[in-house]
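Trainee: Attaching a single structure in structure tokens format; questions to follow.
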Protein chains: 2
Amino acid sequence: MITVALPKGGLLKDSIRLLQDIGLDFSAFLDSGTRQLQLPDASGKAKGLLVRAQDVPVYVEYGQAHLGIVGYDVLREKKPSVAHLVDLKFGYCRLSVAVKESSSYRSALDLPANGRVASKYVNCAREYFQSLDLPVEIIPLSGSVELGPITGISEAIVDIVSTGRTLHENGLIEIERLYESTARLIAHPLSYRLNVGNMDELISKARHAITVGAG
Amino acid sequence: MITVALPKGGLLKDSIRLLQDIGLDFSAFLDSGTRQLQLPDASGKAKGLLVRAQDVPVYVEYGQAHLGIVGYDVLREKKPSVAHLVDLKFGYCRLSVAVKESSSYRSALDLPANGRVASKYVNCAREYFQSLDLPVEIIPLSGSVELGPITGISEAIVDIVSTGRTLHENGLIEIERLYESTARLIAHPLSYRLNVGNMDELISKARHAITVGAG
């Protein structure tokens, strides 16, 4: 039996729809009544594990889940040893540098050397500013990163932007885009090589579902 | 004007009550209507910053908040450079090792060498097992840590326990206690030394409120 790790939060609905397209029904996770974090799929062929988005690659890396669905942003930040299989196209967002609209900064290189940048994505932020040869101090925040420039703890933030509404509501503007992110189907590398639970067939179906959906 | 960082979540109500006892009224943070993350206190003497519990010591370390309230567990895990001032006595919990009730493990030393331990508190967990000279692999999870032994990704977990209900509901039992935690009043070290905003008076009042409350 194959185990699939599903992400709580914004990607869950589309993940369940994609899995339904390839024959695995985990729609029971959407019943608000259930607090279950583990469920068999309706056909009994597979098991679903509902975990935080950040924990999906952990379960897959350790082989406790054979397949998982998670945003590229999480993979890029955590760099887990998992096989990246299919770009599922949903869950679009981007990692961007933002500053106060009232500031004079209009590109990353306008930021002061030895300035401060607040982010949940500390590794991505550090790599980006290193690639620019701009020495900055990265301040790790776990939530409400948009408070950074407002409180003055940092000149800029590196954060996920989807519609841009949060930035706008907080008087911030996007000045650089580090990369774009969508949901990805990932696998435990050894299970993938051994084709555990005939996962190749599921993966082919997922690739097909994406092509049809996009066509 | 002095700035105080308050933690979202379980410690917020008691934090606001404590601050009221020392003359700072941030009860507006409790209005469900307000999404404000920054508020002046009712008297205009101070400003409140409502942030995630984990971010409280970050704002205090960088001096963006002069005072903050946060659980000892967060201080112990993150080791920020802040001054620990007053044990506020509320928000009691403990960091514990738990295993499946059906397992044979009844103390940390029963765990297999090179076993796995899942935790959000990776630094505390690592230090604890090092102090026992028991080599284990720490698996960083960000939520639902109780799933660790249930899914089999780990033999044990290191997690916060307050009533023990979550453990019980998941068929887990506590076998060791690493330390107990309560809320702490912390300060930015330099601001504390310089007595910014006459914070000494506030700190004395907090010490007094705690003694009276406990008496």
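Residues in the structure tokens are named by chain (A, B, ... in the order shown) and by number from 1 within that chain; ligands are numbered from 1 in the order shown.
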Leaving out range 180-189 of chain A and any residue of its chain fewer than 2 positions from it, which residues lie within 6 Å of it when counting only C-alpha atoms, given as a list in words?
Mentor: Val60, Glu61, Gly63, His66, Leu67, Gly68, Ile69, Val70, Gly71, Tyr72, Asp73, Val82, Ala83, His84, Leu85, Val86, Asp87, Leu88, Lys89, Phe90, Gly91, Tyr92, Cys93, Arg94, Ser191 and Tyr192 of chain A
Trainee: Set the cut-off to 6 Å and count only C-alpha atoms: what are the residues of chain B that reach chain A? Output as a list of chain:residue names.
Mentor: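 Taking only C-alpha atoms into account, B:Asp55, B:Gln64, B:Leu141, B:Ile153 sit within 6 Å of chain A.
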Trainee: Taking all heavy atoms for each residue, export the selection above as a PDB file, in the first residue's frame.
Mentor:
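Generated file (again_15.pdb):
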```
ATOM      1  N   ASP B  55       8.480  34.937  17.692  1.00  0.00           N
ATOM      2  CA  ASP B  55       9.096  36.168  17.198  1.00  0.00           C
ATOM      3  C   ASP B  55       9.296  37.208  18.295  1.00  0.00           C
ATOM      4  O   ASP B  55      10.021  38.180  18.090  1.00  0.00           O
ATOM      5  CB  ASP B  55       8.257  36.761  16.052  1.00  0.00           C
ATOM      6  CG  ASP B  55       8.276  35.874  14.816  1.00  0.00           C
ATOM      7  OD1 ASP B  55       9.190  35.031  14.703  1.00  0.00           O
ATOM      8  OD2 ASP B  55       7.383  36.019  13.969  1.00  0.00           O
ATOM      9  N   GLN B  64      13.783  46.322  18.846  1.00  0.00           N
ATOM     10  CA  GLN B  64      12.594  46.933  18.249  1.00  0.00           C
ATOM     11  C   GLN B  64      11.462  46.959  19.275  1.00  0.00           C
ATOM     12  O   GLN B  64      10.561  47.773  19.191  1.00  0.00           O
ATOM     13  CB  GLN B  64      12.187  46.126  17.012  1.00  0.00           C
ATOM     14  CG  GLN B  64      11.727  46.988  15.889  1.00  0.00           C
ATOM     15  CD  GLN B  64      12.815  47.966  15.454  1.00  0.00           C
ATOM     16  OE1 GLN B  64      13.999  47.607  15.419  1.00  0.00           O
ATOM     17  NE2 GLN B  64      12.435  49.189  15.168  1.00  0.00           N
ATOM     18  N   LEU B 141       9.954  18.351  12.910  1.00  0.00           N
ATOM     19  CA  LEU B 141       8.583  18.498  12.417  1.00  0.00           C
ATOM     20  C   LEU B 141       8.082  19.849  12.886  1.00  0.00           C
ATOM     21  O   LEU B 141       8.478  20.329  13.944  1.00  0.00           O
ATOM     22  CB  LEU B 141       7.680  17.385  12.961  1.00  0.00           C
ATOM     23  CG  LEU B 141       7.883  15.974  12.394  1.00  0.00           C
ATOM     24  CD1 LEU B 141       6.873  15.010  13.014  1.00  0.00           C
ATOM     25  CD2 LEU B 141       7.756  15.944  10.878  1.00  0.00           C
ATOM     26  N   ILE B 153       7.483   7.250  11.889  1.00  0.00           N
ATOM     27  CA  ILE B 153       8.683   7.989  11.462  1.00  0.00           C
ATOM     28  C   ILE B 153       9.673   8.097  12.622  1.00  0.00           C
ATOM     29  O   ILE B 153      10.858   8.310  12.411  1.00  0.00           O
ATOM     30  CB  ILE B 153       8.323   9.382  10.887  1.00  0.00           C
ATOM     31  CG1 ILE B 153       9.443   9.917   9.993  1.00  0.00           C
ATOM     32  CG2 ILE B 153       7.986  10.384  11.964  1.00  0.00           C
ATOM     33  CD1 ILE B 153       9.113  11.207   9.258  1.00  0.00           C
TER      34      ILE B 153
END
```
Trainee: Counting only C-alpha atoms, which of A:Gln130, A:Ser104, A:Asn195, A:Gln36 gets nearest to Glu155 in chain A?
Mentor: A:Ser104
Trainee: Both chains have the same sequence, so superpose chain A on chain B over all Cα atoms paired in order and return it as a short mmCIF file (atom, residue, chain, number, x, y, z; two decimals) with C-alpha atoms, in the first residue's frame.
Mentor:
```cif
data_model
loop_
_atom_site.label_atom_id
_atom_site.label_comp_id
_atom_site.auth_asym_id
_atom_site.auth_seq_id
_atom_site.Cartn_x
_atom_site.Cartn_y
_atom_site.Cartn_z
CA MET A 1 7.89 55.65 24.63
CA ILE A 2 8.39 52.01 25.51
CA THR A 3 7.45 49.17 23.14
CA VAL A 4 6.25 45.81 24.46
CA ALA A 5 6.08 42.65 22.32
CA LEU A 6 3.11 40.43 23.19
CA PRO A 7 2.75 36.79 22.12
CA LYS A 8 -0.23 35.64 20.05
CA GLY A 9 -1.91 32.47 21.22
CA GLY A 10 -2.26 30.83 24.59
CA LEU A 11 -0.25 33.37 26.62
CA LEU A 12 -2.00 36.49 25.29
CA LYS A 13 -4.84 36.87 27.80
CA ASP A 14 -2.66 36.43 30.87
CA SER A 15 -0.02 38.72 29.33
CA ILE A 16 -2.56 41.49 28.86
CA ARG A 17 -3.79 41.04 32.44
CA LEU A 18 -0.25 41.24 33.80
CA LEU A 19 0.44 44.39 31.78
CA GLN A 20 -2.82 45.90 33.06
CA ASP A 21 -1.61 45.20 36.62
CA ILE A 22 1.49 47.30 35.94
CA GLY A 23 -0.45 50.14 34.30
CA LEU A 24 -0.32 49.30 30.59
CA ASP A 25 -3.65 48.61 28.90
CA PHE A 26 -3.42 46.56 25.70
CA SER A 27 -6.84 44.93 26.04
CA ALA A 28 -7.71 46.27 22.57
CA PHE A 29 -5.70 43.32 21.15
CA LEU A 30 -8.45 41.04 22.45
CA ASP A 31 -11.19 42.73 20.38
CA SER A 32 -11.90 40.16 17.73
CA GLY A 33 -12.75 43.00 15.35
CA THR A 34 -9.27 44.47 15.30
CA ARG A 35 -6.62 42.95 13.07
CA GLN A 36 -4.13 45.58 14.21
CA LEU A 37 -0.71 44.22 15.11
CA GLN A 38 0.50 47.50 16.60
CA LEU A 39 -1.46 49.50 19.18
CA PRO A 40 -0.74 52.30 21.64
CA ASP A 41 -1.77 51.49 25.21
CA ALA A 42 -4.82 53.35 26.48
CA SER A 43 -2.69 55.92 28.37
CA GLY A 44 -0.42 56.62 25.38
CA LYS A 45 2.69 55.77 27.45
CA ALA A 46 3.59 52.61 25.56
CA LYS A 47 3.14 50.75 22.32
CA GLY A 48 2.19 47.09 21.97
CA LEU A 49 3.34 44.78 19.20
CA LEU A 50 1.33 41.59 18.70
CA VAL A 51 3.54 38.91 17.13
CA ARG A 52 3.96 35.14 17.09
CA ALA A 53 5.35 33.78 20.35
CA GLN A 54 8.53 32.67 18.60
CA ASP A 55 9.08 36.16 17.21
CA VAL A 56 8.80 37.97 20.56
CA PRO A 57 12.49 37.38 21.46
CA VAL A 58 13.54 38.42 17.94
CA TYR A 59 11.89 41.83 18.30
CA VAL A 60 13.38 42.19 21.78
CA GLU A 61 16.86 41.03 20.79
CA TYR A 62 17.02 43.60 17.98
CA GLY A 63 15.72 46.34 20.31
CA GLN A 64 12.58 46.92 18.27
CA ALA A 65 10.67 46.07 21.43
CA HIS A 66 12.11 47.04 24.82
CA LEU A 67 10.15 44.46 26.76
CA GLY A 68 8.46 41.21 25.79
CA ILE A 69 6.53 38.29 27.22
CA VAL A 70 7.31 34.79 26.03
CA GLY A 71 7.42 31.20 27.26
CA TYR A 72 10.64 29.86 28.77
CA ASP A 73 10.43 26.99 26.26
CA VAL A 74 11.00 29.43 23.37
CA LEU A 75 13.94 31.06 25.17
CA ARG A 76 15.48 27.69 25.92
CA GLU A 77 15.14 26.53 22.31
CA LYS A 78 16.24 29.71 20.51
CA LYS A 79 18.72 31.12 23.05
CA PRO A 80 18.21 34.78 22.04
CA SER A 81 20.45 37.47 23.56
CA VAL A 82 17.83 39.02 25.81
CA ALA A 83 17.68 39.78 29.53
CA HIS A 84 15.48 37.34 31.47
CA LEU A 85 13.77 39.45 34.13
CA VAL A 86 10.71 37.96 35.81
CA ASP A 87 9.10 34.52 35.97
CA LEU A 88 5.45 35.48 35.44
CA LYS A 89 4.21 32.09 36.74
CA PHE A 90 1.42 31.68 34.16
CA GLY A 91 1.46 29.52 31.02
CA TYR A 92 2.74 26.40 32.75
CA CYS A 93 3.77 23.51 30.54
CA ARG A 94 6.64 21.06 30.31
CA LEU A 95 8.88 19.66 27.60
CA SER A 96 8.66 15.90 27.71
CA VAL A 97 9.69 12.72 25.94
CA ALA A 98 6.67 10.64 24.91
CA VAL A 99 6.32 7.25 23.26
CA LYS A 100 3.52 4.92 22.23
CA GLU A 101 1.80 3.49 25.25
CA SER A 102 1.98 0.08 23.56
CA SER A 103 5.77 0.26 23.23
CA SER A 104 8.17 -1.21 25.75
CA TYR A 105 9.98 2.11 26.37
CA ARG A 106 9.48 3.45 29.88
CA SER A 107 12.52 5.74 30.17
CA ALA A 108 14.67 7.66 27.67
CA LEU A 109 17.50 5.16 28.11
CA ASP A 110 15.19 2.36 26.96
CA LEU A 111 15.10 3.97 23.51
CA PRO A 112 17.24 2.25 20.89
CA ALA A 113 20.58 3.82 20.04
CA ASN A 114 20.37 5.46 16.61
CA GLY A 115 16.61 5.62 16.98
CA ARG A 116 14.59 8.59 15.84
CA VAL A 117 12.98 11.36 17.85
CA ALA A 118 10.59 13.85 16.21
CA SER A 119 10.33 17.36 17.64
CA LYS A 120 9.67 21.03 17.03
CA TYR A 121 12.28 21.66 19.75
CA VAL A 122 15.25 20.27 17.86
CA ASN A 123 17.91 22.05 19.92
CA CYS A 124 16.41 21.08 23.27
CA ALA A 125 15.93 17.50 22.11
CA ARG A 126 19.48 17.24 20.76
CA GLU A 127 21.03 18.62 23.97
CA TYR A 128 18.96 16.29 26.11
CA PHE A 129 19.95 13.11 24.29
CA GLN A 130 23.57 14.25 24.13
CA SER A 131 23.50 14.69 27.90
CA LEU A 132 22.40 11.05 28.14
CA ASP A 133 25.11 9.94 25.71
CA LEU A 134 22.38 8.32 23.66
CA PRO A 135 22.90 8.92 19.93
CA VAL A 136 19.54 9.54 18.25
CA GLU A 137 18.47 11.18 15.03
CA ILE A 138 16.31 14.26 15.60
CA ILE A 139 13.55 14.66 12.98
CA PRO A 140 12.36 18.26 12.71
CA LEU A 141 8.58 18.48 12.43
CA SER A 142 6.69 21.78 12.54
CA GLY A 143 3.28 20.52 13.63
CA SER A 144 1.30 17.47 14.83
CA VAL A 145 4.43 15.98 16.35
CA GLU A 146 2.26 13.33 18.00
CA LEU A 147 1.98 11.73 14.55
CA GLY A 148 5.66 10.71 14.83
CA PRO A 149 5.30 7.40 16.67
CA ILE A 150 1.86 6.76 15.11
CA THR A 151 3.15 6.89 11.55
CA GLY A 152 6.36 5.18 12.60
CA ILE A 153 8.68 7.99 11.46
CA SER A 154 10.12 8.04 15.00
CA GLU A 155 10.18 5.92 18.16
CA ALA A 156 9.63 8.94 20.39
CA ILE A 157 8.79 12.63 20.40
CA VAL A 158 9.98 15.58 22.44
CA ASP A 159 7.07 17.97 22.77
CA ILE A 160 5.27 20.46 24.99
CA VAL A 161 2.75 18.89 27.33
CA SER A 162 0.29 20.89 29.40
CA THR A 163 -2.74 18.81 30.33
CA GLY A 164 -1.55 15.64 28.58
CA ARG A 165 -4.82 15.29 26.70
CA THR A 166 -3.26 15.33 23.20
CA LEU A 167 -0.86 12.57 24.20
CA HIS A 168 -3.66 10.50 25.68
CA GLU A 169 -5.92 10.94 22.63
CA ASN A 170 -3.10 9.66 20.46
CA GLY A 171 -2.21 6.64 22.58
CA LEU A 172 1.07 8.15 23.78
CA ILE A 173 2.58 8.37 27.27
CA GLU A 174 5.08 10.73 28.81
CA ILE A 175 8.22 8.95 29.97
CA GLU A 176 10.62 11.81 30.79
CA ARG A 177 10.39 15.52 31.61
CA LEU A 178 13.17 17.73 30.24
CA TYR A 179 12.09 20.94 31.99
CA GLU A 180 9.10 22.99 33.05
CA SER A 181 8.17 26.25 31.37
CA THR A 182 6.24 29.38 32.34
CA ALA A 183 5.92 32.83 30.78
CA ARG A 184 8.84 35.22 31.27
CA LEU A 185 9.25 38.98 31.09
CA ILE A 186 12.30 39.72 28.94
CA ALA A 187 14.08 42.93 27.96
CA HIS A 188 16.48 44.24 25.34
CA PRO A 189 19.76 44.17 27.30
CA LEU A 190 21.01 47.65 26.39
CA SER A 191 17.60 49.29 26.92
CA TYR A 192 17.43 47.55 30.29
CA ARG A 193 20.87 48.83 31.32
CA LEU A 194 19.97 52.36 30.22
CA ASN A 195 16.55 52.13 31.91
CA VAL A 196 14.81 53.29 28.72
CA GLY A 197 11.34 54.71 29.39
CA ASN A 198 11.93 54.12 33.13
CA MET A 199 11.36 50.42 32.58
CA ASP A 200 12.79 49.63 36.03
CA GLU A 201 9.56 50.87 37.54
CA LEU A 202 7.46 48.61 35.27
CA ILE A 203 9.67 45.64 36.12
CA SER A 204 9.36 46.28 39.87
CA LYS A 205 5.61 46.50 39.49
CA ALA A 206 5.58 43.22 37.58
CA ARG A 207 7.64 41.51 40.33
CA HIS A 208 5.23 42.89 42.90
CA ALA A 209 2.14 41.82 40.93
CA ILE A 210 3.49 38.27 40.74
CA THR A 211 4.22 38.11 44.48
CA VAL A 212 0.78 39.46 45.36
CA GLY A 213 -0.90 37.15 42.83
CA ALA A 214 0.93 34.16 44.28
CA GLY A 215 0.29 35.16 47.93
#
```
